[in-house]
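Shown next: entry13.tsv, given as TSV, C-alpha atoms and all ligand atoms.
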chain	number	residue	atom	x	y	z
A	16	MET	CA	136.28	176.09	275.74
A	17	SER	CA	135.30	172.97	273.76
A	18	THR	CA	136.84	169.59	274.51
A	19	ILE	CA	138.78	169.61	271.24
A	20	GLN	CA	140.15	173.09	271.95
A	21	GLN	CA	141.16	171.99	275.44
A	22	ASN	CA	142.72	168.77	274.13
A	23	LEU	CA	144.70	170.68	271.51
A	24	GLN	CA	146.06	172.99	274.15
A	25	ASP	CA	147.02	170.01	276.32
A	26	VAL	CA	148.79	168.34	273.38
A	27	ARG	CA	150.65	171.54	272.50
A	28	ASN	CA	151.74	171.77	276.14
A	29	ARG	CA	152.93	168.16	276.07
A	30	ILE	CA	154.93	168.83	272.90
A	31	ALA	CA	156.48	171.93	274.45
A	32	ALA	CA	157.37	170.09	277.67
A	33	ALA	CA	158.87	167.16	275.75
A	34	ALA	CA	160.92	169.51	273.56
A	35	GLN	CA	162.16	171.57	276.47
A	36	GLY	CA	163.01	168.38	278.33
A	37	CYS	CA	165.64	167.61	275.71
A	38	ALA	CA	166.74	171.18	274.94
A	39	ARG	CA	164.82	171.46	271.67
A	40	ALA	CA	162.61	174.37	270.64
A	41	PRO	CA	158.89	173.46	270.58
A	42	GLU	CA	158.63	175.07	267.10
A	43	GLU	CA	160.86	172.29	265.73
A	44	VAL	CA	157.96	169.87	266.16
A	45	THR	CA	154.91	170.17	263.88
A	46	LEU	CA	151.62	168.90	265.27
A	47	LEU	CA	149.69	166.89	262.68
A	48	ALA	CA	146.09	166.44	263.87
A	49	VAL	CA	144.94	162.99	262.72
A	50	SER	CA	141.24	163.33	261.97
A	51	LYS	CA	140.47	159.93	260.40
A	52	THR	CA	136.92	158.69	261.15
A	53	LYS	CA	136.06	162.07	262.72
A	54	PRO	CA	133.35	164.34	261.25
A	55	VAL	CA	134.06	167.69	259.59
A	56	ALA	CA	132.50	169.39	262.63
A	57	ALA	CA	135.36	168.08	264.78
A	58	ILE	CA	137.90	169.35	262.25
A	59	ALA	CA	136.14	172.73	262.18
A	60	GLU	CA	136.53	172.94	265.97
A	61	ALA	CA	140.23	172.24	265.68
A	62	ILE	CA	140.55	174.89	262.96
A	63	ALA	CA	138.77	177.37	265.23
A	64	ALA	CA	141.42	176.56	267.85
A	65	GLY	CA	144.19	177.46	265.41
A	66	GLN	CA	145.11	174.02	264.02
A	67	ARG	CA	145.98	174.04	260.31
A	68	THR	CA	147.74	170.72	259.61
A	69	PHE	CA	145.61	167.57	259.33
A	70	GLY	CA	146.27	163.91	258.58
A	71	GLU	CA	143.89	161.41	256.97
A	72	ASN	CA	144.27	157.64	256.44
A	73	TYR	CA	141.53	156.67	254.03
A	74	VAL	CA	141.72	158.13	250.54
A	75	GLN	CA	138.05	158.79	249.78
A	76	GLU	CA	137.23	160.03	253.29
A	77	GLY	CA	140.25	162.33	253.14
A	78	VAL	CA	139.35	163.72	249.71
A	79	ASP	CA	135.78	164.41	250.86
A	80	LYS	CA	137.12	166.44	253.79
A	81	VAL	CA	139.70	168.29	251.67
A	82	GLN	CA	136.93	169.27	249.24
A	83	HIS	CA	134.54	170.27	252.03
A	84	PHE	CA	137.04	172.73	253.49
A	85	ALA	CA	138.35	173.89	250.10
A	86	ALA	CA	134.96	175.51	249.52
A	87	LEU	CA	135.29	177.54	252.75
A	88	PRO	CA	137.38	180.69	253.33
A	89	GLU	CA	139.82	178.89	255.68
A	90	GLY	CA	140.38	176.09	253.14
A	91	ALA	CA	143.38	177.75	251.52
A	92	THR	CA	145.22	177.91	254.86
A	93	LEU	CA	145.01	174.15	255.55
A	94	ASP	CA	147.75	171.60	254.96
A	95	TRP	CA	146.51	168.04	254.30
A	96	HIS	CA	148.75	165.00	254.80
A	97	PHE	CA	147.89	161.50	253.58
A	98	ILE	CA	149.20	159.02	256.17
A	99	GLY	CA	147.41	155.74	255.34
A	100	PRO	CA	148.43	152.71	253.30
A	101	LEU	CA	148.25	153.63	249.61
A	102	GLN	CA	147.18	151.30	246.83
A	103	SER	CA	148.22	152.11	243.27
A	104	ASN	CA	144.66	152.55	242.06
A	105	LYS	CA	144.10	155.35	244.61
A	106	SER	CA	147.32	157.26	244.00
A	107	ARG	CA	145.72	159.80	241.64
A	108	LEU	CA	143.35	161.07	244.33
A	109	VAL	CA	146.27	161.59	246.71
A	110	ALA	CA	148.31	163.34	244.01
A	111	GLU	CA	145.43	165.67	243.17
A	112	HIS	CA	144.22	166.61	246.66
A	113	PHE	CA	146.96	166.36	249.28
A	114	ALA	CA	150.09	168.40	250.02
A	115	TRP	CA	151.98	165.47	251.58
A	116	CYS	CA	152.11	161.66	251.44
A	117	HIS	CA	153.88	159.91	254.35
A	118	THR	CA	153.59	156.32	253.13
A	119	VAL	CA	155.77	155.92	250.06
A	120	ASP	CA	157.30	152.45	250.33
A	121	ARG	CA	157.94	151.46	246.71
A	122	LEU	CA	159.14	153.21	243.60
A	123	ARG	CA	156.01	152.40	241.60
A	124	ILE	CA	153.83	154.42	243.98
A	125	ALA	CA	156.25	157.36	243.93
A	126	GLN	CA	156.33	157.29	240.12
A	127	ARG	CA	152.55	157.31	239.91
A	128	LEU	CA	152.28	160.19	242.40
A	129	SER	CA	154.80	162.18	240.36
A	130	ASP	CA	153.10	161.40	237.03
A	131	GLN	CA	149.65	162.21	238.42
A	132	ARG	CA	150.53	165.41	240.26
A	133	PRO	CA	148.68	168.26	238.50
A	134	ALA	CA	150.99	170.71	236.70
A	135	ASP	CA	149.49	173.71	238.50
A	136	MET	CA	150.27	172.34	241.96
A	137	PRO	CA	153.66	172.44	243.70
A	138	PRO	CA	155.49	169.09	243.93
A	139	LEU	CA	153.89	166.62	246.34
A	140	ASN	CA	155.96	166.36	249.53
A	141	VAL	CA	156.72	162.71	250.23
A	142	LEU	CA	158.17	160.70	253.09
A	143	ILE	CA	159.53	157.19	252.76
A	144	GLN	CA	157.92	154.84	255.27
A	145	ILE	CA	160.35	152.63	257.18
A	146	ASN	CA	159.31	149.36	258.79
A	147	ILE	CA	161.54	149.91	261.81
A	148	SER	CA	160.28	147.33	264.29
A	149	ASP	CA	156.95	145.86	263.33
A	150	GLU	CA	157.67	142.64	261.51
A	151	GLN	CA	153.94	141.89	261.29
A	152	SER	CA	153.32	144.97	259.19
A	153	LYS	CA	153.56	144.82	255.43
A	154	SER	CA	153.97	148.59	255.18
A	155	GLY	CA	157.34	150.26	254.89
A	156	ILE	CA	160.78	149.23	253.68
A	157	VAL	CA	163.66	147.96	255.77
A	158	LEU	CA	166.50	150.44	256.27
A	159	ALA	CA	168.83	148.52	253.95
A	160	GLU	CA	166.51	149.41	251.06
A	161	LEU	CA	166.48	153.13	251.82
A	162	PRO	CA	169.49	154.40	249.81
A	163	ALA	CA	168.27	152.93	246.52
A	164	LEU	CA	164.65	154.03	246.96
A	165	ALA	CA	165.65	157.53	248.07
A	166	GLU	CA	167.90	157.96	245.04
A	167	ALA	CA	165.10	156.93	242.69
A	168	VAL	CA	162.47	159.11	244.39
A	169	VAL	CA	164.71	162.18	244.33
A	170	ALA	CA	165.00	161.84	240.54
A	171	LEU	CA	161.21	162.19	240.03
A	172	PRO	CA	160.09	165.65	238.89
A	173	ASN	CA	156.79	166.21	240.69
A	174	VAL	CA	157.43	164.78	244.13
A	175	ARG	CA	159.85	166.21	246.66
A	176	LEU	CA	161.54	163.86	249.14
A	177	ARG	CA	161.25	165.53	252.57
A	178	GLY	CA	162.18	162.68	254.90
A	179	LEU	CA	161.08	159.54	256.70
A	180	MET	CA	158.06	158.20	258.54
A	181	ALA	CA	157.62	155.23	260.89
A	182	ILE	CA	154.92	153.51	262.91
A	183	PRO	CA	156.86	151.34	265.38
A	184	ALA	CA	155.25	148.34	267.01
A	185	PRO	CA	153.56	149.56	270.23
A	186	GLN	CA	155.82	149.35	273.29
A	187	GLU	CA	154.84	150.21	276.82
A	188	ASP	CA	158.07	151.43	278.28
A	189	TYR	CA	159.77	154.68	277.42
A	190	GLN	CA	163.29	153.31	277.00
A	191	SER	CA	162.18	150.74	274.41
A	192	GLN	CA	160.26	153.43	272.51
A	193	LEU	CA	163.30	155.70	272.61
A	194	ALA	CA	165.67	153.01	271.31
A	195	VAL	CA	163.55	152.42	268.20
A	196	PHE	CA	163.02	156.11	267.50
A	197	ARG	CA	166.78	156.69	267.78
A	198	GLN	CA	167.38	154.21	264.96
A	199	MET	CA	165.01	156.29	262.84
A	200	HIS	CA	166.80	159.50	263.77
A	201	ASP	CA	170.17	158.02	262.77
A	202	ALA	CA	168.74	157.04	259.38
A	203	PHE	CA	167.23	160.52	259.01
A	204	LEU	CA	170.59	162.23	259.68
A	205	ALA	CA	172.32	159.96	257.19
A	206	LEU	CA	169.68	160.76	254.54
A	207	GLN	CA	170.08	164.50	255.20
A	208	GLN	CA	173.79	164.18	254.43
A	209	HIS	CA	172.91	163.14	250.88
A	210	TYR	CA	169.81	165.24	250.32
A	211	PRO	CA	169.81	168.65	252.00
A	212	GLN	CA	166.08	169.19	251.31
A	213	VAL	CA	165.30	166.39	253.79
A	214	ASP	CA	163.88	168.10	256.89
A	215	THR	CA	160.99	165.97	258.18
A	216	LEU	CA	161.01	163.00	260.52
A	217	SER	CA	157.40	161.88	261.05
A	218	MET	CA	157.15	159.76	264.19
A	219	GLY	CA	155.26	159.80	267.47
A	220	MET	CA	151.55	159.19	268.16
A	221	THR	CA	149.38	159.70	271.25
A	222	ASP	CA	151.08	156.97	273.28
A	223	ASP	CA	154.71	157.54	272.33
A	224	MET	CA	155.07	161.21	271.40
A	225	THR	CA	157.37	162.10	274.29
A	226	ALA	CA	159.96	159.48	273.34
A	227	ALA	CA	159.65	160.41	269.65
A	228	ILE	CA	160.38	164.06	270.38
A	229	ALA	CA	163.30	163.14	272.64
A	230	ALA	CA	164.74	161.11	269.74
A	231	GLY	CA	164.42	163.97	267.25
A	232	SER	CA	160.95	163.77	265.67
A	233	THR	CA	160.01	166.91	263.69
A	234	LEU	CA	156.35	165.95	263.22
A	235	VAL	CA	154.05	164.05	265.57
A	236	ARG	CA	150.81	162.50	264.30
A	237	ILE	CA	148.21	162.82	267.05
A	238	GLY	CA	144.63	161.56	266.82
A	239	THR	CA	143.20	160.19	270.07
A	240	ALA	CA	144.61	162.85	272.38
A	241	ILE	CA	142.94	165.57	270.27
A	242	PHE	CA	139.70	164.04	268.99
A	243	GLY	CA	139.09	161.23	271.50
A	244	ALA	CA	138.89	157.50	270.86
A	245	ARG	CA	137.83	156.41	267.38
A	246	ASP	CA	134.63	154.47	266.78
A	247	TYR	CA	134.99	151.98	263.94
A	248	SER	CA	131.67	150.24	264.59
A	249	GLN	CA	129.84	152.31	261.96
A	250	SER	CA	132.23	151.49	259.12
B	301	LIG	C1	145.68	156.73	263.46
B	301	LIG	C2	147.09	157.12	263.20
B	301	LIG	C3	147.76	158.04	264.04
B	301	LIG	C4	147.15	158.65	265.28
B	301	LIG	O1	147.17	157.72	266.32
B	301	LIG	P1	146.73	158.09	267.82
B	301	LIG	O2	147.26	156.99	268.63
B	301	LIG	O3	145.22	158.17	267.81
B	301	LIG	O4	147.33	159.40	268.15
B	301	LIG	C5	149.05	158.40	263.68
B	301	LIG	N1	149.67	157.90	262.59
B	301	LIG	C6	149.06	157.02	261.78
B	301	LIG	C7	149.78	156.50	260.59
B	301	LIG	C8	147.77	156.60	262.06
B	301	LIG	O5	147.19	155.69	261.25
Target format structure tokens, applied to this file:
Amino acid sequence: MSTIQQNLQDVRNRIAAAAQGCARAPEEVTLLAVSKTKPVAAIAEAIAAGQRTFGENYVQEGVDKVQHFAALPEGATLDWHFIGPLQSNKSRLVAEHFAWCHTVDRLRIAQRLSDQRPADMPPLNVLIQINISDEQSKSGIVLAELPALAEAVVALPNVRLRGLMAIPAPQEDYQSQLAVFRQMHDAFLALQQHYPQVDTLSMGMTDDMTAAIAAGSTLVRIGTAIFGARDYSQS
């Protein structure tokens, strides 16, 4: 078995154990394999091990990978999520090539994604990014801004609001991680009350996935535990 296959199995086992630990079904948690900076060969290994859902952070790198696999028989079975910061001038590439965007944090970006979504594709699934704890980060809105942005996004024709995403500031201890993720889950439940199509809470990475699942995450974004540490020295 290859390392990536083995790692994927370990991650799936960790998700299952975390879910069972809080009386949730493992199937409630989607595993998004975050393949940023990794070559297509690594993604191909993950596909061979049954993985179908992938996340990319950099628009051009992500589009290159989407197009690479679109030309192959398995391409049609893959689900690509854009999870990086999105500048307006790159929104068209996301609208034309991805199934999901996790990082909507202003109406202008959502409007552009809706306007630029090709007519022959289903609506782009979008998540609103919340800046839940990381005051240093410029990405994401504060929770007080959520009702107004959600209402405006829901009115757009070619995007579909599916939920919320967060990248909390890193915390070592489990209880602190859990406390932040619970604030996100409360906001998610409140949003669901207004918009029944909301079903996705994207939170949890390699170092905090257990707490995220305990707090109600429905999608964990895992890079390092699947593909190994990233090397940014070449870029
Ligand atoms: C890189 C990245 C991840 C994956 O992080 P790991 O710690 O490697 O699992 C998840 N979410 C986002 C938004 C990322 O940029």
From A:Ala240, A:Val174, A:Ile143, A:Leu101, residue lying nearest Asp130 (chain A) [all atoms listed in the file]: A:Val174
Residues within 9 Å of ligand LIG 301 (chain B), counting all atoms listed in the file, as a count of residues only: 36
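Proximity to Gln186 (chain A) was assessed for A:Thr68, A:Thr92, A:Ser148, A:Gln102 counting only C-alpha atoms; the smallest distance is recorded for A:Ser148.
One finds CA of Leu206 (chain A) at 12.6 Å from CA of Val168 (chain A).
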Distance query Arg27 (chain A) at most 12 Å, all atoms listed in the file, self and fewer than 2 positions along chain excluded, as a PDB file with C-alpha atoms, keeping the file's coordinate frame:
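Contents of selection_11.pdb, as written:
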ATOM      1  CA  GLN A  20     140.150 173.090 271.950  1.00  0.00           C
ATOM      2  CA  GLN A  21     141.160 171.990 275.440  1.00  0.00           C
ATOM      3  CA  ASN A  22     142.720 168.770 274.130  1.00  0.00           C
ATOM      4  CA  LEU A  23     144.700 170.680 271.510  1.00  0.00           C
ATOM      5  CA  GLN A  24     146.060 172.990 274.150  1.00  0.00           C
ATOM      6  CA  ASP A  25     147.020 170.010 276.320  1.00  0.00           C
ATOM      7  CA  ARG A  29     152.930 168.160 276.070  1.00  0.00           C
ATOM      8  CA  ILE A  30     154.930 168.830 272.900  1.00  0.00           C
ATOM      9  CA  ALA A  31     156.480 171.930 274.450  1.00  0.00           C
ATOM     10  CA  ALA A  32     157.370 170.090 277.670  1.00  0.00           C
ATOM     11  CA  ALA A  33     158.870 167.160 275.750  1.00  0.00           C
ATOM     12  CA  ALA A  34     160.920 169.510 273.560  1.00  0.00           C
ATOM     13  CA  PRO A  41     158.890 173.460 270.580  1.00  0.00           C
ATOM     14  CA  GLU A  42     158.630 175.070 267.100  1.00  0.00           C
ATOM     15  CA  VAL A  44     157.960 169.870 266.160  1.00  0.00           C
ATOM     16  CA  THR A  45     154.910 170.170 263.880  1.00  0.00           C
ATOM     17  CA  LEU A  46     151.620 168.900 265.270  1.00  0.00           C
ATOM     18  CA  LEU A  47     149.690 166.890 262.680  1.00  0.00           C
ATOM     19  CA  ALA A  48     146.090 166.440 263.870  1.00  0.00           C
ATOM     20  CA  ALA A  64     141.420 176.560 267.850  1.00  0.00           C
ATOM     21  CA  GLY A  65     144.190 177.460 265.410  1.00  0.00           C
ATOM     22  CA  GLN A  66     145.110 174.020 264.020  1.00  0.00           C
ATOM     23  CA  THR A 221     149.380 159.700 271.250  1.00  0.00           C
ATOM     24  CA  MET A 224     155.070 161.210 271.400  1.00  0.00           C
ATOM     25  CA  THR A 225     157.370 162.100 274.290  1.00  0.00           C
ATOM     26  CA  VAL A 235     154.050 164.050 265.570  1.00  0.00           C
ATOM     27  CA  ILE A 237     148.210 162.820 267.050  1.00  0.00           C
ATOM     28  CA  ALA A 240     144.610 162.850 272.380  1.00  0.00           C
ATOM     29  CA  ILE A 241     142.940 165.570 270.270  1.00  0.00           C
TER      30      ILE A 241
END
Distance criterion (only C-alpha atoms): nearest to Val119 (chain A) out of A:Leu179, A:Ala170, A:Leu93, A:Asp149: A:Leu179
Å distance separating CA of Val55 (chain A) from CA of Pro138 (chain A), one decimal place: 26.6 Å
CA of Ile228 (chain A) to CA of Lys80 (chain A), straight-line distance in Å: 28.7 Å
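With all atoms listed in the file as the atoms that count, the residue of A:His209, A:Arg127, A:Asn146, A:Asp188 with the shortest distance to Glu166 (chain A) is A:His209.
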